[in-house]
Every structure is written in structure tokens, then in C-alpha cells.
file protein11.tsv (TSV, C-alpha atoms)
chain	number	residue	atom	x	y	z
E	1	MET	CA	82.95	130.97	151.47
E	2	THR	CA	85.52	128.57	150.01
E	3	THR	CA	87.76	130.05	147.32
E	4	LEU	CA	89.86	128.42	144.61
E	5	HIS	CA	92.93	129.28	146.67
E	6	ASP	CA	91.44	127.48	149.68
E	7	THR	CA	90.65	124.41	147.58
E	8	LEU	CA	94.23	124.07	146.33
E	9	GLU	CA	95.89	125.13	149.58
E	10	LYS	CA	94.30	122.18	151.39
E	11	HIS	CA	96.38	119.80	149.29
E	12	VAL	CA	99.55	121.88	149.30
E	13	GLY	CA	99.33	122.57	153.01
E	14	ASN	CA	99.26	118.89	153.97
E	15	GLY	CA	102.65	118.39	152.31
E	16	SER	CA	101.48	116.03	149.58
E	17	MET	CA	102.32	118.41	146.71
E	18	PRO	CA	104.60	121.46	146.40
E	19	GLY	CA	102.23	123.73	144.51
E	20	ALA	CA	99.62	124.22	141.83
E	21	VAL	CA	97.92	126.78	139.62
E	22	GLY	CA	94.17	126.70	139.03
E	23	LEU	CA	91.99	128.68	136.63
E	24	VAL	CA	88.20	128.71	136.54
E	25	ALA	CA	86.48	130.86	133.92
E	26	ARG	CA	82.91	131.37	132.86
E	27	GLY	CA	82.36	134.14	130.37
E	28	ASP	CA	84.24	137.24	131.50
E	29	ARG	CA	84.62	135.98	135.08
E	30	ILE	CA	88.04	134.46	135.66
E	31	GLU	CA	89.46	133.23	138.95
E	32	VAL	CA	93.11	132.19	139.13
E	33	ALA	CA	95.01	130.89	142.14
E	34	ALA	CA	98.73	130.11	142.39
E	35	VAL	CA	99.49	128.19	145.56
E	36	GLY	CA	102.67	126.83	147.12
E	37	SER	CA	106.06	126.65	145.44
E	38	THR	CA	107.59	125.50	142.18
E	39	ASP	CA	109.85	123.12	144.15
E	40	SER	CA	109.56	120.99	147.25
E	41	GLU	CA	112.12	123.12	149.09
E	42	GLY	CA	109.82	126.13	148.89
E	43	THR	CA	112.50	128.39	147.46
E	44	SER	CA	110.42	129.79	144.56
E	45	PRO	CA	106.76	130.82	144.99
E	46	MET	CA	104.30	129.46	142.46
E	47	ALA	CA	103.03	132.14	140.05
E	48	ARG	CA	100.28	132.45	137.47
E	49	ASP	CA	102.86	132.21	134.67
E	50	SER	CA	104.70	129.19	136.07
E	51	ILE	CA	105.42	126.60	133.39
E	52	PHE	CA	104.31	122.97	133.79
E	53	ARG	CA	104.71	119.68	131.94
E	54	ILE	CA	101.09	119.32	130.86
E	55	ALA	CA	101.43	115.66	129.70
E	56	SER	CA	98.18	114.41	128.12
E	57	MET	CA	96.65	117.88	127.99
E	58	THR	CA	98.78	117.84	124.82
E	59	LYS	CA	96.30	115.46	123.16
E	60	PRO	CA	93.55	118.01	122.37
E	61	VAL	CA	96.19	120.33	120.91
E	62	THR	CA	97.42	117.55	118.62
E	63	ALA	CA	93.86	116.75	117.54
E	64	ALA	CA	93.26	120.42	116.69
E	65	ALA	CA	96.38	120.42	114.51
E	66	VAL	CA	95.12	117.36	112.62
E	67	MET	CA	91.80	119.08	112.00
E	68	MET	CA	93.66	122.09	110.58
E	69	LEU	CA	95.11	119.76	107.96
E	70	VAL	CA	91.60	118.43	107.31
E	71	ASP	CA	90.32	122.00	106.90
E	72	ASP	CA	93.24	122.66	104.54
E	73	GLY	CA	92.09	119.75	102.36
E	74	LEU	CA	95.41	117.93	102.76
E	75	ILE	CA	93.85	114.91	104.46
E	76	ALA	CA	90.34	113.62	105.14
E	77	LEU	CA	88.97	111.75	108.12
E	78	ASP	CA	88.20	108.63	106.07
E	79	ASP	CA	91.63	108.56	104.41
E	80	PRO	CA	93.81	105.51	105.08
E	81	VAL	CA	97.02	106.69	106.76
E	82	GLY	CA	99.25	104.41	104.69
E	83	PRO	CA	100.30	107.02	102.10
E	84	TRP	CA	101.88	109.14	104.87
E	85	LEU	CA	102.61	106.38	107.36
E	86	PRO	CA	103.71	103.46	105.17
E	87	GLU	CA	104.82	101.63	108.30
E	88	LEU	CA	101.10	101.15	109.05
E	89	ALA	CA	99.96	100.37	105.51
E	90	GLU	CA	99.54	96.62	106.11
E	91	PRO	CA	99.01	96.16	109.86
E	92	LYS	CA	98.74	92.79	111.57
E	93	VAL	CA	96.48	92.07	114.54
E	94	VAL	CA	97.05	89.56	117.34
E	95	ARG	CA	94.61	86.68	116.94
E	96	THR	CA	93.48	87.16	120.54
E	97	PRO	CA	94.42	90.08	122.84
E	98	ALA	CA	96.07	87.77	125.37
E	99	GLY	CA	97.87	85.74	122.75
E	100	PRO	CA	101.52	85.80	121.69
E	101	VAL	CA	102.65	88.69	119.51
E	102	ASP	CA	103.68	86.38	116.67
E	103	ASP	CA	100.21	84.83	116.36
E	104	VAL	CA	98.66	87.41	114.08
E	105	VAL	CA	96.10	87.90	111.32
E	106	PRO	CA	95.88	90.67	108.72
E	107	ALA	CA	93.82	93.73	109.60
E	108	VAL	CA	90.43	93.55	107.92
E	109	ARG	CA	90.74	97.14	106.70
E	110	ALA	CA	93.16	100.04	106.67
E	111	ILE	CA	93.74	102.37	109.62
E	112	THR	CA	92.17	105.77	108.89
E	113	VAL	CA	92.77	109.29	110.18
E	114	ALA	CA	89.49	109.05	112.09
E	115	ASP	CA	90.63	105.82	113.75
E	116	LEU	CA	93.65	107.64	115.15
E	117	LEU	CA	91.66	110.68	116.31
E	118	THR	CA	89.11	108.50	118.12
E	119	PHE	CA	91.75	106.14	119.58
E	120	ARG	CA	90.24	103.18	117.75
E	121	ALA	CA	93.18	102.30	115.49
E	122	GLY	CA	94.07	99.16	117.45
E	123	TYR	CA	97.14	100.54	119.26
E	124	GLY	CA	97.14	101.67	122.88
E	125	PHE	CA	96.45	100.74	126.48
E	126	PRO	CA	93.49	98.57	127.54
E	127	SER	CA	92.57	97.89	131.16
E	128	ASP	CA	95.01	94.95	131.25
E	129	PHE	CA	98.59	96.21	130.91
E	130	SER	CA	100.01	92.66	131.12
E	131	LEU	CA	98.97	91.68	127.58
E	132	PRO	CA	102.05	90.79	125.47
E	133	ALA	CA	101.30	93.28	122.70
E	134	VAL	CA	100.84	96.05	125.28
E	135	GLY	CA	104.18	95.26	126.86
E	136	LEU	CA	105.92	96.11	123.59
E	137	LEU	CA	104.45	99.62	123.70
E	138	PHE	CA	106.39	100.21	126.90
E	139	SER	CA	109.60	98.41	126.03
E	140	GLU	CA	109.96	99.39	122.35
E	141	LEU	CA	108.20	102.77	122.16
E	142	ARG	CA	108.73	104.10	125.70
E	143	GLN	CA	105.01	104.65	126.08
E	144	GLY	CA	103.92	105.61	129.58
E	145	PRO	CA	105.04	108.56	131.71
E	146	PRO	CA	106.64	111.28	129.56
E	147	GLN	CA	110.41	110.90	129.17
E	148	PRO	CA	111.27	113.05	126.14
E	149	GLN	CA	115.01	112.47	126.05
E	150	ARG	CA	114.64	108.68	126.01
E	151	VAL	CA	112.41	108.20	122.97
E	152	ALA	CA	113.70	107.52	119.46
E	153	ALA	CA	113.29	110.01	116.62
E	154	PRO	CA	110.02	109.75	114.64
E	155	ASP	CA	111.24	107.55	111.76
E	156	ALA	CA	112.91	105.07	114.09
E	157	TRP	CA	109.90	105.16	116.41
E	158	MET	CA	107.55	104.38	113.52
E	159	ALA	CA	109.82	101.56	112.38
E	160	ALA	CA	109.56	100.03	115.85
E	161	LEU	CA	105.78	100.54	115.85
E	162	SER	CA	105.48	98.69	112.54
E	163	ARG	CA	106.86	95.56	114.24
E	164	ILE	CA	104.19	95.65	116.98
E	165	PRO	CA	100.82	94.06	116.14
E	166	LEU	CA	97.51	95.76	116.77
E	167	LEU	CA	95.63	94.62	119.86
E	168	HIS	CA	92.26	94.87	118.09
E	169	GLN	CA	90.99	95.37	114.56
E	170	PRO	CA	90.78	99.03	113.43
E	171	GLY	CA	87.57	100.70	114.55
E	172	GLU	CA	86.60	98.09	117.14
E	173	VAL	CA	87.90	99.19	120.55
E	174	TRP	CA	88.98	102.41	122.26
E	175	LEU	CA	92.60	102.13	123.49
E	176	TYR	CA	94.47	104.86	125.30
E	177	ASN	CA	97.43	107.08	124.37
E	178	THR	CA	99.45	105.67	121.46
E	179	CYS	CA	97.26	107.13	118.70
E	180	SER	CA	98.13	110.70	119.72
E	181	ASP	CA	101.84	110.01	119.29
E	182	ILE	CA	101.13	108.51	115.88
E	183	LEU	CA	99.11	111.62	115.01
E	184	GLY	CA	102.11	113.79	115.86
E	185	VAL	CA	104.14	111.94	113.22
E	186	LEU	CA	101.25	112.12	110.76
E	187	ILE	CA	101.02	115.91	111.14
E	188	ALA	CA	104.72	116.34	110.45
E	189	ARG	CA	104.68	114.15	107.35
E	190	VAL	CA	101.54	115.66	105.86
E	191	ALA	CA	102.70	119.21	106.58
E	192	GLY	CA	106.25	118.50	105.44
E	193	ARG	CA	107.88	120.01	108.51
E	194	PRO	CA	108.56	119.05	112.13
E	195	LEU	CA	105.62	118.96	114.52
E	196	PRO	CA	107.01	121.75	116.77
E	197	GLU	CA	107.27	124.10	113.77
E	198	PHE	CA	103.74	123.37	112.59
E	199	LEU	CA	102.21	123.87	116.04
E	200	ALA	CA	104.15	127.07	116.61
E	201	GLU	CA	103.07	128.63	113.31
E	202	ARG	CA	99.46	127.45	113.16
E	203	LEU	CA	98.44	127.43	116.84
E	204	PHE	CA	100.87	128.87	119.37
E	205	GLU	CA	101.77	132.11	117.59
E	206	PRO	CA	98.21	133.05	116.54
E	207	LEU	CA	96.95	132.32	120.07
E	208	ALA	CA	99.90	134.08	121.76
E	209	MET	CA	100.77	130.83	123.57
E	210	ALA	CA	104.31	132.11	124.13
E	211	ASP	CA	105.24	129.58	126.82
E	212	THR	CA	103.96	126.43	125.10
E	213	GLY	CA	106.33	124.02	123.37
E	214	PHE	CA	108.25	120.77	123.68
E	215	ASP	CA	111.12	122.26	125.70
E	216	VAL	CA	111.82	125.23	127.99
E	217	PRO	CA	114.48	127.73	126.84
E	218	ALA	CA	117.22	128.62	129.30
E	219	GLY	CA	115.77	132.09	129.82
E	220	LYS	CA	112.50	130.63	131.14
E	221	LEU	CA	113.84	127.87	133.41
E	222	ASP	CA	113.33	130.09	136.45
E	223	ARG	CA	109.56	129.75	135.83
E	224	PHE	CA	109.64	126.01	135.15
E	225	THR	CA	108.30	123.83	137.95
E	226	GLY	CA	109.86	120.65	139.30
E	227	TYR	CA	108.09	117.36	138.61
E	228	TYR	CA	107.51	114.98	141.53
E	229	GLY	CA	106.25	111.56	142.45
E	230	THR	CA	105.03	110.43	145.84
E	231	GLY	CA	107.97	109.33	147.96
E	232	PRO	CA	108.06	106.47	150.49
E	233	THR	CA	107.06	108.78	153.35
E	234	GLY	CA	104.12	110.25	151.44
E	235	GLY	CA	105.81	113.50	150.51
E	236	PRO	CA	106.98	114.62	147.05
E	237	GLU	CA	110.07	112.98	145.54
E	238	LEU	CA	111.79	114.66	142.58
E	239	ILE	CA	111.39	112.98	139.17
E	240	ASP	CA	112.61	115.75	136.90
E	241	ALA	CA	114.19	119.12	137.72
E	242	PRO	CA	113.75	122.29	135.64
E	243	ASP	CA	117.14	121.70	134.00
E	244	GLY	CA	116.23	118.06	133.23
E	245	GLN	CA	114.53	116.32	130.31
E	246	TRP	CA	112.56	119.34	129.07
E	247	SER	CA	115.53	121.74	129.03
E	248	SER	CA	116.47	120.80	125.45
E	249	PRO	CA	114.43	119.84	122.35
E	250	PRO	CA	113.51	116.12	122.23
E	251	ALA	CA	114.23	113.84	119.30
E	252	PHE	CA	110.59	112.72	119.40
E	253	PRO	CA	108.11	115.58	120.00
E	254	SER	CA	105.29	113.64	121.60
E	255	GLY	CA	101.82	114.52	120.36
E	256	GLY	CA	100.49	112.43	123.22
E	257	GLY	CA	102.17	114.13	126.16
E	258	GLY	CA	105.24	116.21	125.36
E	259	LEU	CA	104.15	119.82	125.77
E	260	VAL	CA	104.91	122.32	128.51
E	261	SER	CA	102.53	125.23	129.01
E	262	THR	CA	100.95	127.71	131.41
E	263	ALA	CA	97.40	128.19	132.62
E	264	ASP	CA	96.87	131.26	130.45
E	265	ASP	CA	98.31	129.59	127.35
E	266	TRP	CA	96.00	126.58	127.57
E	267	TYR	CA	93.13	128.97	128.38
E	268	ALA	CA	93.81	130.73	125.07
E	269	PHE	CA	93.53	127.36	123.31
E	270	ALA	CA	90.28	126.59	125.13
E	271	ARG	CA	88.81	130.01	124.24
E	272	MET	CA	89.57	129.33	120.59
E	273	LEU	CA	87.59	126.09	120.73
E	274	LEU	CA	84.71	127.80	122.56
E	275	ALA	CA	84.64	130.43	119.81
E	276	GLU	CA	84.33	127.57	117.28
E	277	GLY	CA	87.85	127.94	116.00
E	278	THR	CA	88.23	131.72	116.13
E	279	ALA	CA	91.15	133.29	118.01
E	280	ASP	CA	90.92	136.60	119.85
E	281	GLY	CA	91.04	139.30	117.22
E	282	GLY	CA	88.92	137.32	114.78
E	283	GLN	CA	91.49	135.08	113.08
E	284	ARG	CA	89.93	131.74	112.16
E	285	LEU	CA	92.15	128.78	113.03
E	286	LEU	CA	89.62	125.93	112.77
E	287	SER	CA	86.28	125.53	111.05
E	288	PRO	CA	83.23	125.35	113.35
E	289	ALA	CA	82.52	121.89	111.91
E	290	SER	CA	85.96	120.65	112.95
E	291	VAL	CA	85.56	122.01	116.47
E	292	ARG	CA	82.19	120.32	116.81
E	293	LEU	CA	83.64	116.99	115.68
E	294	MET	CA	86.48	117.33	118.18
E	295	THR	CA	84.15	118.03	121.08
E	296	THR	CA	81.45	115.46	120.26
E	297	ASP	CA	81.50	111.92	121.63
E	298	GLN	CA	82.48	109.49	118.86
E	299	LEU	CA	82.21	106.19	120.76
E	300	THR	CA	79.47	103.60	120.79
E	301	PRO	CA	77.88	102.73	124.15
E	302	ALA	CA	79.72	99.39	124.10
E	303	GLN	CA	83.07	101.09	123.52
E	304	ARG	CA	82.43	103.51	126.41
E	305	ALA	CA	81.39	100.66	128.69
E	306	ALA	CA	84.61	98.75	127.94
E	307	SER	CA	86.84	101.75	128.74
E	308	THR	CA	85.95	102.46	132.35
E	309	LEU	CA	89.56	102.32	133.60
E	310	PHE	CA	90.43	105.58	131.82
E	311	LEU	CA	87.12	107.15	130.84
E	312	GLU	CA	84.99	106.39	133.93
E	313	GLY	CA	81.86	106.38	131.79
E	314	GLN	CA	82.83	109.36	129.67
E	315	GLY	CA	82.85	109.37	125.89
E	316	TRP	CA	85.72	110.42	123.62
E	317	GLY	CA	85.82	113.01	120.87
E	318	PHE	CA	89.02	113.83	119.01
E	319	GLY	CA	91.94	114.02	121.45
E	320	GLY	CA	89.83	114.38	124.58
E	321	SER	CA	87.01	112.98	126.65
E	322	VAL	CA	83.42	114.16	126.44
E	323	ASP	CA	81.04	113.94	129.38
E	324	VAL	CA	77.94	112.09	128.20
E	325	ALA	CA	76.04	112.23	131.52
E	326	ALA	CA	76.26	113.87	134.93
E	327	ILE	CA	77.91	110.82	136.48
E	328	ASP	CA	79.68	112.79	139.22
E	329	PRO	CA	78.96	116.22	140.75
E	330	TRP	CA	81.50	117.88	138.45
E	331	ASN	CA	80.38	116.21	135.21
E	332	VAL	CA	78.52	118.47	132.80
E	333	PRO	CA	77.18	116.79	129.64
E	334	GLY	CA	79.26	118.07	126.75
E	335	ARG	CA	82.35	118.99	128.81
E	336	TYR	CA	85.44	118.31	126.69
E	337	GLY	CA	89.09	117.99	127.69
E	338	TRP	CA	91.50	115.65	129.38
E	339	VAL	CA	93.85	115.05	132.29
E	340	GLY	CA	97.63	114.67	132.31
E	341	GLY	CA	99.59	112.10	134.26
E	342	THR	CA	101.84	114.85	135.64
E	343	GLY	CA	98.90	116.13	137.70
E	344	THR	CA	97.19	118.41	135.19
E	345	ALA	CA	93.69	118.79	133.79
E	346	GLY	CA	92.02	121.08	131.25
E	347	HIS	CA	88.37	121.15	130.21
E	348	LEU	CA	85.88	123.39	128.45
E	349	THR	CA	82.10	123.22	128.18
E	350	PRO	CA	80.71	124.65	124.93
E	351	SER	CA	77.15	124.92	126.26
E	352	THR	CA	78.14	127.17	129.17
E	353	GLY	CA	81.42	128.73	128.03
E	354	ALA	CA	83.18	127.42	131.13
E	355	VAL	CA	86.89	126.57	131.23
E	356	THR	CA	88.67	124.78	134.08
E	357	ILE	CA	92.43	124.29	134.19
E	358	LEU	CA	94.45	122.68	136.96
E	359	LEU	CA	98.23	122.54	136.63
E	360	GLY	CA	100.00	120.46	139.25
E	361	GLN	CA	103.41	118.89	139.51
E	362	LEU	CA	102.70	115.62	141.30
E	363	ALA	CA	102.54	112.50	139.12
E	364	MET	CA	99.29	110.58	139.16
E	365	THR	CA	99.65	107.04	140.46
E	366	GLY	CA	97.11	105.61	138.00
E	367	PRO	CA	94.28	106.57	135.66
E	368	THR	CA	91.94	107.57	138.50
E	369	PRO	CA	92.00	111.36	139.08
E	370	PRO	CA	93.61	112.24	142.44
E	371	PRO	CA	91.75	113.98	145.31
E	372	VAL	CA	93.04	117.47	144.41
E	373	MET	CA	91.60	117.11	140.90
E	374	ARG	CA	88.23	115.96	142.14
E	375	ASP	CA	88.10	118.75	144.74
E	376	PHE	CA	89.02	121.28	142.04
E	377	TRP	CA	86.23	120.04	139.76
E	378	ARG	CA	83.70	120.12	142.60
E	379	TYR	CA	84.68	123.70	143.34
E	380	ALA	CA	84.45	124.69	139.67
E	381	ALA	CA	81.02	123.07	139.30
E	382	ASP	CA	79.65	125.26	142.08
E	383	VAL	CA	81.05	128.57	140.80
call {"tool": "encode", "arguments": {"input": "protein11.tsv", "output": "C-alpha cells"}}
result
Amino acid sequence: MTTLHDTLEKHVGNGSMPGAVGLVARGDRIEVAAVGSTDSEGTSPMARDSIFRIASMTKPVTAAAVMMLVDDGLIALDDPVGPWLPELAEPKVVRTPAGPVDDVVPAVRAITVADLLTFRAGYGFPSDFSLPAVGLLFSELRQGPPQPQRVAAPDAWMAALSRIPLLHQPGEVWLYNTCSDILGVLIARVAGRPLPEFLAERLFEPLAMADTGFDVPAGKLDRFTGYYGTGPTGGPELIDAPDGQWSSPPAFPSGGGGLVSTADDWYAFARMLLAEGTADGGQRLLSPASVRLMTTDQLTPAQRAASTLFLEGQGWGFGGSVDVAAIDPWNVPGRYGWVGGTGTAGHLTPSTGAVTILLGQLAMTGPTPPPVMRDFWRYAADV
């Protein structure tokens, strides 16, 4: 009988990736496998508590933090974001997506909190990365693969964003990534304190997510994995070492992809969502209504159909995808979560109580999940 260890070892053993940690849980049954090494040299065995750059698995965490502010009554989903993000108070939209960035029209309405949570604010990545307005997201905002030490501080970042037109009118089209980074700034301004402080107090400390944050302290670097791309010979090539970009706090804590974490830390977050906002021990962190909004598809059929490059037919809730049909063997209608470009994935299924977490260290080469991810999901679906 194939085990989780066998499933991951197949991909580590062929030399394509140094190591990985997988977790599959359903109710009280939990299976965890740590396979390979934290580095390509094989000098440090992978462990259950190894720390990874979780990239876009940060997005559901950011969405949960926004919903805490909604539960607090400090903001509402229909609120225009202008009072807290004046840089976006009077956005302009390119006349046509492929047109020049100086050929713009006023937005027909304000950007709302809900627009940001559902990725329909008008900023982000479509299927065509060559569009002029999309190019500015890379060149001016450093959108793309996480690079925390190369991004401007939030106020400067927002100033640059204000000079970039929207690709579509607010509410019209689902576009990937940028809205989560904007939400990170929104949280800090509404809460009146830096994003890392808010997340630590309201989420990480109550959930005992002791290894989750935007940097790795010196005393934990021995558990921090290397981050690799695929080299010219097919093997892993180092992108970032443990003492690299995540070894000190970033100027811009990215709500879209900046966190590091462990399998057990993200599992604690997933359990909180499954318990409709209640942490172990009974402390309520989110209202059940907020959790249900997060984990419910918010897109129209037309918006889902236009977003196949990233969503592959899935819907989108707040900060994560939602399976709307059993499109593939691992899809379960209602499964919520997301993947990270550093080779990570985290999902939970409210109807079954299942949680699946895969933490890898090999960069994805595009939006399509790599073979190890698909094999992991197939295994988890059969457990």
C-alpha cells in the first residue's frame, strides 16, 4: 500500500527536489511525512518542524486578518477603501487592456474591501502577462516571485501603485495576486500598527503558530530550508539560502506571499477555519459567518471561465480558491485553499474536515501545479 512517504519520496529520489513535508488529516487521523533534506547537498535531514517560504499560502491568512477587522466593526465589505488607502481613492482604468497605460478613463465606482478580497479590484495578473499595465506590476511593484528585501516600504509601494492604472473596472474581472498585497497595507492602516504585529497578536499567538512570520530569527535558521529553482541539468539550483532574504525583517511585509511557516503551524490555521473561527481551547478568532464567506466561491461563472490559467475551473472565495466541481480526481466541491509558487499547497474541506498541506522548496515554473503536487492530492483524495 502506497504511503505519503512513498508519494513524496518518488519526487525526491529522482533528484528533482531536495525534500518536502506533507500532512494529510481527516478528523483525528493525521499522517505526516518528512522526506529528503533541507538543502540540495543533503547535509540536513528534512523534519516535521522544518520552516518553509510558503509564498501564496499567505493569502488565506491575510484574508482571515481582514475578516477579523470586519468582525471588529472597523471596516465593512462594501466600504470603499479610499479612506484608508487614499492612493486608490480615484483610480483610473486603461481604456482597453492591451492599450497604452496613459490612455485611461475614470473608474465607474470606488474599489471596495470586497473587491480586494475577491481579487476583482482591477489590479493583478491576467492570462496575458505582456499587457502594458501588467508590466508595471513587475517593474514598479516587484510583483512576481517573492523577493522580500527588494520591495519598497508600504507607503512608497502604495505611491507607486497609485500611478499604475487598473486593467479592468472594479468588480468586473478576477485578476491574480496584487490584491492580497494591497490588503496587507489595508490591515496595517485600519489597525494602526504594522501587519506583522497584527498577525502575531490576533492569529499566530492564539493559534500557537510559533514558527510563522515574515522572517526567520537567527536561532531558527538551522530549521529553515533552502529555496531552489530547476537548473539547466534538471536538478535543483539555489535561489535563496537560509541566511538570505528571509533572515531579516522586510520593509514590505507581503500579504500576498511573504510568510514562512511549518506544516503544523498552517494546520493550526486550517483547524481554526474548520471549527468556524474557533481555536483549540475555545477562543473565538473569527465569526462563523466570516469563515463561511471566506470559504465560499464568490465568482460568477463567466469570471471563473475567464481565469483558467490560474484557477483551472475553480472558484475563488476570500484569499483562496474554492473547488466548485470534481474536475480532477483530487477536487472535492467546497475544498478551500491555495498553492504557493515556492512549491507549497494548503487546503481544507469544511464538509469532510480534511486538511492537506504540502511544503516543498522547488519553485513552480508557472501557474500549473507540478507533478509532485498532483500526486500528493491524488494520494490525499484516496485516504
call {"tool": "atom_distance", "arguments": {"input": "protein11.tsv", "atom1": "atom CA of E:Pro206", "atom2": "atom CA of E:Ala279"}}
result
7.2 Å
call {"tool": "atom_distance", "arguments": {"input": "protein11.tsv", "atom1": "atom CA of E:Phe198", "atom2": "atom CA of E:Asp264"}}
result
20.7 Å
call {"tool": "residues_around", "arguments": {"input": "protein11.tsv", "residues": "stretch 298-308 of chain E", "least_positions_apart": "2", "cutoff": "7 Å", "atoms": "all atoms listed in the file", "output": "list in words"}}
result
Thr118, Val173, Trp174, Thr296, Phe310, Leu311, Glu312, Gly313, Gln314, Gly315, Trp316 and Gly317 of chain E
call {"tool": "closest_residue", "arguments": {"input": "protein11.tsv", "among": "E:Ser127, E:Leu259, E:Asp78, E:Ala191", "to": "E:Gly171", "atoms": "all atoms listed in the file"}}
result
E:Asp78
call {"tool": "atom_distance", "arguments": {"input": "protein11.tsv", "atom1": "atom CA of E:Pro145", "atom2": "atom CA of E:Gly341"}}
result
7.0 Å
call {"tool": "closest_residue", "arguments": {"input": "protein11.tsv", "among": "E:Met68, E:Met57, E:Arg163, E:Leu23", "to": "E:Asp102", "atoms": "all atoms listed in the file"}}
result
E:Arg163
call {"tool": "residues_around", "arguments": {"input": "protein11.tsv", "residues": "E:Pro146", "least_positions_apart": "4", "cutoff": "7 Å", "atoms": "only C-alpha atoms", "output": "list in words"}}
result
Ala55, Gly257 and Gly258 of chain E
call {"tool": "residues_near_point", "arguments": {"input": "protein11.tsv", "point": "(83.2, 126.8, 131.2)", "cutoff": "12 Å", "atoms": "all atoms listed in the file", "output": "JSON, numbers by chain"}}
result
{"E": [23, 24, 25, 26, 27, 28, 29, 30, 31, 267, 270, 271, 273, 274, 330, 331, 332, 333, 334, 335, 336, 337, 346, 347, 348, 349, 350, 351, 352, 353, 354, 355, 356, 357, 377, 380, 381, 382, 383]}
call {"tool": "residues_around", "arguments": {"input": "protein11.tsv", "residues": "E:Gly122", "least_positions_apart": "6", "cutoff": "7 Å", "atoms": "all atoms listed in the file", "output": "ChimeraX atom specification"}}
result
/E:166-170,173,175
call {"tool": "closest_residue", "arguments": {"input": "protein11.tsv", "among": "E:Pro165, E:Thr262, E:Thr3, E:Arg292", "to": "E:Lys220", "atoms": "all atoms listed in the file"}}
result
E:Thr262
call {"tool": "closest_residue", "arguments": {"input": "protein11.tsv", "among": "E:Ala156, E:Leu358, E:Ala208, E:Leu309", "to": "E:Tyr379", "atoms": "all atoms listed in the file"}}
result
E:Leu358
call {"tool": "axis_aligned_box", "arguments": {"input": "protein11.tsv", "around": "stretch 112-123 of chain E", "padding_each_side": "4 Å", "output": "lines of an AutoDock Vina configuration file"}}
result
center_x = 93.1
center_y = 104.9
center_z = 114.2
size_x = 16.0
size_y = 19.5
size_z = 18.7
call {"tool": "closest_residue", "arguments": {"input": "protein11.tsv", "among": "E:Leu4, E:Ala107, E:Ile54, E:Leu77", "to": "E:Ala33", "atoms": "only C-alpha atoms"}}
result
E:Leu4
call {"tool": "residues_around", "arguments": {"input": "protein11.tsv", "residues": "E:Val12", "least_positions_apart": "5", "cutoff": "8 Å", "atoms": "only C-alpha atoms", "output": "PyMOL selection string"}}
result
chain E and resi 17-20+35-36
call {"tool": "decode", "arguments": {"input": "protein11.tsv", "residues": "stretch 243-298 of chain E", "atoms": "C-alpha atoms", "output": "compact mmCIF listing (two decimals), in the first residue's frame"}}
result
# COMPACT_ATOMS: atom_id res chain seq x y z
CA ASP E 243 20.66 33.19 5.64
CA GLY E 244 19.28 35.05 2.60
CA GLN E 245 16.27 37.29 2.02
CA TRP E 246 14.13 35.93 4.87
CA SER E 247 16.84 36.19 7.55
CA SER E 248 15.85 39.77 8.44
CA PRO E 249 12.50 41.63 8.56
CA PRO E 250 11.42 43.04 5.17
CA ALA E 251 10.48 46.66 4.56
CA PHE E 252 7.29 45.43 2.86
CA PRO E 253 5.60 42.52 4.67
CA SER E 254 3.80 40.91 1.75
CA GLY E 255 0.23 39.86 2.44
CA GLY E 256 0.34 38.06 -0.89
CA GLY E 257 3.35 35.81 -0.36
CA GLY E 258 5.75 36.85 2.37
CA LEU E 259 5.23 34.35 5.19
CA VAL E 260 7.38 31.46 6.34
CA SER E 261 5.72 28.64 8.27
CA THR E 262 5.67 24.94 9.12
CA ALA E 263 3.21 22.18 8.37
CA ASP E 264 1.87 22.15 11.92
CA ASP E 265 1.51 25.93 12.06
CA TRP E 266 -0.58 26.11 8.88
CA TYR E 267 -2.53 23.07 10.12
CA ALA E 268 -3.46 25.06 13.24
CA PHE E 269 -4.76 27.84 10.98
CA ALA E 270 -6.76 25.34 8.91
CA ARG E 271 -8.26 23.74 12.04
CA MET E 272 -9.42 27.17 13.18
CA LEU E 273 -11.27 27.66 9.89
CA LEU E 274 -12.79 24.17 10.08
CA ALA E 275 -14.03 25.00 13.58
CA GLU E 276 -15.71 28.10 12.10
CA GLY E 277 -13.25 30.50 13.63
CA THR E 278 -12.62 28.82 16.97
CA ALA E 279 -9.07 27.99 18.08
CA ASP E 280 -8.17 24.95 20.16
CA GLY E 281 -9.19 25.74 23.70
CA GLY E 282 -12.34 27.54 22.62
CA GLN E 283 -11.07 31.05 21.86
CA ARG E 284 -13.08 32.59 19.02
CA LEU E 285 -10.91 34.33 16.43
CA LEU E 286 -13.40 34.70 13.57
CA SER E 287 -17.18 34.65 13.36
CA PRO E 288 -18.72 31.61 11.65
CA ALA E 289 -20.25 33.99 9.09
CA SER E 290 -16.82 35.36 8.17
CA VAL E 291 -15.37 31.87 7.78
CA ARG E 292 -18.24 30.86 5.52
CA LEU E 293 -17.73 33.93 3.34
CA MET E 294 -14.01 33.18 3.07
CA THR E 295 -14.58 29.59 2.00
CA THR E 296 -17.50 30.18 -0.41
CA ASP E 297 -16.99 30.82 -4.12
CA GLN E 298 -17.64 34.50 -4.88
